[in-house]
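Asker: Before we start, here is the structure in question, set down as structure tokens.
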Amino acid sequence: MAITARPSRTPLLRLAISAFIWLLLTACGQAPAPVLPLPDGMPESLQQYVSGLHKSATADPSDYRKQTELARTYAAHEFWDHAISGFQAATVIDPSKPQPWFHWALAEQRRGDADRAAGLHERIAEDFPRYPPNLDRLGNLRLKRGDLGGAEDAYATLVEITPNHPNGHIGLAQVRLAEKNFESAASAARHALSSAPSDRRAHYALGLAYRGQGKTELARSSLARGAGSVPSFVVDRWETETWRLAHTPAVALEYARRAAAESQFQRATNLAQKVLSWEPENIDALNVLAVAQIAQNQPREACLALAPALAHDSQHLDTRLNLASCYGAMGNSQAALSHANLAIEIQPNSARAHHLRAKALMGGSGTSNLDEAMSSLQRSLVLDPYEEGAERELAFLKLNAGQLDQAQQLFEGLTVSDPNAPWGHLGLSEVAFRQGNTALVRKELAKARKIAPTHPGVASLQSRLSAIEQP
């Protein structure tokens, strides 16, 4: 099927033309191509599932739902030729839907034909100019080939459609960086962080903007927070449901990991259990299951789930880390500390291991434990400046130790890295309170109250401030 540019049309007119084209194609006998035979080398568990879909689509190749379900299943398991054939058939059956065109483009990209994928994305932009997932990828493609104006158009439209999603703002920040408009780039990156405070790509873009403005310290902090950032695209409805099509252990495990990373913990649990139904001793699946259970406040179940993993491999890093986490959640600081220490023996440069060691030490007693905890948190942040929660915990430890200047610097960093959380402003209020600067206490407390008006820390500090201001 040729990929050609076509003039823009209104949605209703485009739909009418698409329907007319389909009628002509059918009348002329140009129905979708026959369904390809099942691919060679398909795992048995997948073949059992796909054979029914394949038989149904072969019997009725003009059924849009059957073709797309079969194509998506092939794509989920990386049988790209078969997936592309199915998506192409779906575009013939109903050219008015953007999803099969879009997934055809993604499959071409994954198969290695970047030029064809780019052509498809451009065509989709003409026929479906407000389809967010395509605008996101199109902006990225145009940016890579130096088409800054085209990239800006795509990202600006994406911001218009999804103003609370970070990707459009990050894309505009990248365009401004390429133009060396660093002030505008910083503004766009901060917009992204206002909706996604933990997005590494936004922190990295902000760091580059600060560096271009000569703000060295701010640049260093933001670039460290953005270390390891990877592209992340707007997903569409089909992509969010693809995990249901995982019918081999390796693919189901990959989707389970993604679900856990995206805080979709029930989905991660379902997928991990699916893997374990095939491979009961799969250590990675046991660990994904434990992560989901800990996140859902089921630490005891997580520890039980990890018992067979530990028996199978006592030197498995993730197992030790997750055991430290679940024992810590149960309040067993000694067991948590033991597993964290063993994790450090396995991998001395694990930031998470040092962080979990610090948390276990903080759960114990004695000032020496707190000194060790502070040291472990500092080590964690050296290894990974973005280790979640470590900077906040270190800031409050510094505050409680009376190291106000260092605590203040850390809290200031928190107001940048997590602008939607009250911790930074609450910490700065507490530092100012201990320094006797009541004007600054009121200023920072007002910011914390605006973010989290019902946070107990806000009420507590307000009460203490009122007490000292009474005549």
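Residue numbering restarts at 1 in every chain; chains get A, B, ... in the order shown in the structure tokens, and ligands count up from 1 in that same order.
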Within 10 Å of Gln293 in chain A, counting only C-alpha atoms, which residues show up once you throw out same-chain ones fewer than 2 positions away? Write them as a list of chain:residue names, please.

Answerer: A:Phe265, A:Gln266, A:Ala268, A:Thr269, A:Asn287, A:Val288, A:Leu289, A:Ala290, A:Val291, A:Ala295, A:Gln296, A:Asn297, A:Gln298, A:Pro299, A:Arg300, A:Glu301, A:Ala302, A:Cys303, A:Ala305, A:Cys326

Asker: For range 60-77 of chain A, find every residue with an atom within 10 Å (counting only C-alpha atoms), except residues of its own chain fewer than 3 positions away, and show them as JSON, numbers by chain.

Answerer: {"A": [26, 31, 32, 33, 34, 35, 38, 39, 42, 46, 49, 50, 51, 52, 53, 54, 55, 56, 57, 80, 81, 82, 83, 84, 85, 86, 87, 88, 89, 90, 91, 92, 93, 94, 99, 100, 103, 104, 106, 107, 110, 238, 239, 241, 242, 243, 244, 245, 246, 247, 248, 250, 251, 252, 255]}

Asker: Could you save the residues just selected, with C-alpha atoms, as an mmCIF file, in the first residue's frame?

Answerer:
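Output saved as out34.cif:
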```
data_model
loop_
_atom_site.group_PDB
_atom_site.id
_atom_site.type_symbol
_atom_site.label_atom_id
_atom_site.label_comp_id
_atom_site.auth_asym_id
_atom_site.auth_seq_id
_atom_site.Cartn_x
_atom_site.Cartn_y
_atom_site.Cartn_z
ATOM 1 C CA THR A 26 -15.276 -4.164 -1.969
ATOM 2 C CA ALA A 31 -10.972 -6.795 -0.080
ATOM 3 C CA PRO A 32 -8.210 -7.209 2.520
ATOM 4 C CA ALA A 33 -5.394 -9.585 1.601
ATOM 5 C CA PRO A 34 -5.775 -13.183 2.833
ATOM 6 C CA VAL A 35 -4.652 -13.803 6.411
ATOM 7 C CA LEU A 38 0.696 -18.957 11.460
ATOM 8 C CA PRO A 39 4.395 -18.029 11.804
ATOM 9 C CA MET A 42 5.606 -19.927 17.787
ATOM 10 C CA LEU A 46 0.927 -18.804 22.342
ATOM 11 C CA TYR A 49 -4.244 -19.036 22.051
ATOM 12 C CA VAL A 50 -3.603 -17.648 18.564
ATOM 13 C CA SER A 51 -4.936 -20.613 16.573
ATOM 14 C CA GLY A 52 -8.541 -19.764 17.432
ATOM 15 C CA LEU A 53 -8.085 -16.093 16.533
ATOM 16 C CA HIS A 54 -6.334 -17.087 13.312
ATOM 17 C CA LYS A 55 -9.069 -19.520 12.275
ATOM 18 C CA SER A 56 -11.780 -16.930 12.932
ATOM 19 C CA ALA A 57 -9.971 -14.143 11.011
ATOM 20 C CA TRP A 80 6.153 -7.989 13.128
ATOM 21 C CA ASP A 81 5.498 -9.171 9.551
ATOM 22 C CA HIS A 82 2.252 -10.822 10.585
ATOM 23 C CA ALA A 83 1.254 -7.847 12.742
ATOM 24 C CA ILE A 84 1.829 -5.403 9.872
ATOM 25 C CA SER A 85 -0.219 -7.555 7.513
ATOM 26 C CA GLY A 86 -3.116 -7.508 9.978
ATOM 27 C CA PHE A 87 -2.932 -3.771 10.610
ATOM 28 C CA GLN A 88 -2.804 -3.107 6.858
ATOM 29 C CA ALA A 89 -5.932 -5.222 6.433
ATOM 30 C CA ALA A 90 -7.660 -3.210 9.172
ATOM 31 C CA THR A 91 -6.873 0.076 7.385
ATOM 32 C CA VAL A 92 -8.597 -1.298 4.275
ATOM 33 C CA ILE A 93 -11.631 -2.513 6.217
ATOM 34 C CA ASP A 94 -12.119 0.822 8.002
ATOM 35 C CA GLN A 99 -5.417 3.115 15.559
ATOM 36 C CA PRO A 100 -4.533 0.530 12.867
ATOM 37 C CA HIS A 103 0.072 0.597 15.064
ATOM 38 C CA TRP A 104 1.181 -0.211 11.548
ATOM 39 C CA LEU A 106 4.905 1.420 15.263
ATOM 40 C CA ALA A 107 5.353 -2.092 13.908
ATOM 41 C CA ARG A 110 10.102 -1.999 15.530
ATOM 42 C CA TRP A 238 -4.920 -0.163 22.190
ATOM 43 C CA GLU A 239 -1.461 0.043 23.711
ATOM 44 C CA GLU A 241 -4.706 -3.011 26.749
ATOM 45 C CA THR A 242 -1.994 -4.965 24.925
ATOM 46 C CA TRP A 243 -0.864 -6.607 28.172
ATOM 47 C CA ARG A 244 -3.993 -8.799 28.064
ATOM 48 C CA LEU A 245 -2.587 -10.483 24.956
ATOM 49 C CA ALA A 246 0.577 -11.752 26.695
ATOM 50 C CA HIS A 247 0.524 -15.533 26.327
ATOM 51 C CA THR A 248 4.141 -16.559 26.891
ATOM 52 C CA ALA A 250 8.707 -13.843 28.757
ATOM 53 C CA VAL A 251 6.146 -11.427 27.296
ATOM 54 C CA ALA A 252 3.820 -11.597 30.325
ATOM 55 C CA TYR A 255 4.307 -6.432 30.775
#
```

Asker: Taking into account only C-alpha atoms, which residue in the set A:Arg320, A:Gly214, A:Glu393, A:Pro385 is nearest to Glu345 in chain A?

Answerer: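 Selected residue with least distance to Glu345 in chain A: A:Arg320.
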
Asker: Looking only at alpha helix (DSSP H) from DSSP on the backbone, list the matching residues of range 189-327 of chain A as an NGL selection string.

Answerer: :A and (189-195 or 200-212 or 216-225 or 237-241 or 249-261 or 265-278 or 283-295 or 299-312 or 317-327)

Asker: Which residues, written as a list in words, have at least one atom at most 6 Å from range 194-200 of chain A, with only C-alpha atoms counted and residues fewer than 2 positions away on the same chain left out?

Answerer: Asn164, His191, Ala192, Ala202, His203, Gly226, Ser229 and Asp418 of chain A

Asker: May I have the residues within 12 Å of Pro231 in chain A as a list of chain:residue names, using only C-alpha atoms and disregarding those fewer than 2 positions away in the same chain?

Answerer: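 Near Pro231 in chain A, the qualifying residues are A:Asp136, A:Arg137, A:Asn140, A:Leu141, A:Pro166, A:Asn167, A:Ile170, A:Gly171, A:Asp199, A:Arg200, A:Arg201, A:Ala202, A:Tyr204, A:Gly226, A:Gly228, A:Ser229, A:Phe233, A:Val234.
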
Asker: Output N, CA and C atoms of each residue in that selection to a file, as a compact mmCIF listing (two decimals), in the first residue's frame.

Answerer:
```
# COMPACT_ATOMS: atom_id res chain seq x y z
N ASP A 136 2.76 12.99 19.35
CA ASP A 136 3.92 12.82 20.21
C ASP A 136 5.10 12.22 19.44
N ARG A 137 4.83 11.14 18.72
CA ARG A 137 5.91 10.48 17.97
C ARG A 137 6.34 11.30 16.77
N ASN A 140 8.72 13.95 17.87
CA ASN A 140 10.02 13.36 18.12
C ASN A 140 10.77 13.09 16.82
N LEU A 141 10.07 12.55 15.82
CA LEU A 141 10.70 12.27 14.53
C LEU A 141 11.19 13.56 13.86
N PRO A 166 2.94 15.70 30.43
CA PRO A 166 4.24 16.37 30.30
C PRO A 166 4.85 16.35 28.92
N ASN A 167 4.47 15.39 28.06
CA ASN A 167 5.24 15.18 26.83
C ASN A 167 5.25 16.37 25.89
N ILE A 170 7.63 18.94 27.33
CA ILE A 170 9.02 18.49 27.20
C ILE A 170 9.48 18.65 25.75
N GLY A 171 8.61 18.30 24.82
CA GLY A 171 8.96 18.46 23.41
C GLY A 171 9.24 19.91 23.05
N ASP A 199 9.37 13.33 36.49
CA ASP A 199 9.76 12.99 35.11
C ASP A 199 11.22 13.36 34.87
N ARG A 200 12.04 12.36 34.67
CA ARG A 200 13.48 12.61 34.48
C ARG A 200 13.77 13.41 33.23
N ARG A 201 12.99 13.18 32.17
CA ARG A 201 13.24 13.91 30.92
C ARG A 201 13.05 15.42 31.13
N ALA A 202 12.03 15.77 31.94
CA ALA A 202 11.78 17.19 32.21
C ALA A 202 12.91 17.78 33.04
N TYR A 204 15.99 16.76 33.05
CA TYR A 204 17.18 16.86 32.20
C TYR A 204 17.08 18.07 31.27
N GLY A 226 17.86 14.16 36.26
CA GLY A 226 17.42 13.63 34.97
C GLY A 226 18.29 12.53 34.42
N GLY A 228 19.78 9.23 33.23
CA GLY A 228 19.16 7.96 32.84
C GLY A 228 17.79 8.12 32.22
N SER A 229 17.41 9.35 31.84
CA SER A 229 16.09 9.55 31.24
C SER A 229 16.01 8.86 29.88
N PHE A 233 6.46 7.91 25.46
CA PHE A 233 5.47 8.46 24.54
C PHE A 233 4.06 8.37 25.11
N VAL A 234 3.21 9.24 24.62
CA VAL A 234 1.78 9.14 24.93
C VAL A 234 1.27 7.82 24.36
```

Asker: Can you work out the spacing between CA of Leu381 in chain A and CA of Ala351 in chain A in Å, to one decimal?

Answerer: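 Atom-to-atom, CA of Leu381 in chain A and CA of Ala351 in chain A are spaced 7.0 Å apart.
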
Asker: What's the 12 Å shell around Ser460 in chain A, counting only C-alpha atoms, without same-chain residues fewer than 4 positions away, as a list in words?

Answerer: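 Here the qualifying residues turn out to be Leu426, Ser429, Glu430, Leu445, Arg449, Pro453, Thr454, His455, Pro456, Arg464, Leu465, Ser466 and Ala467 of chain A.
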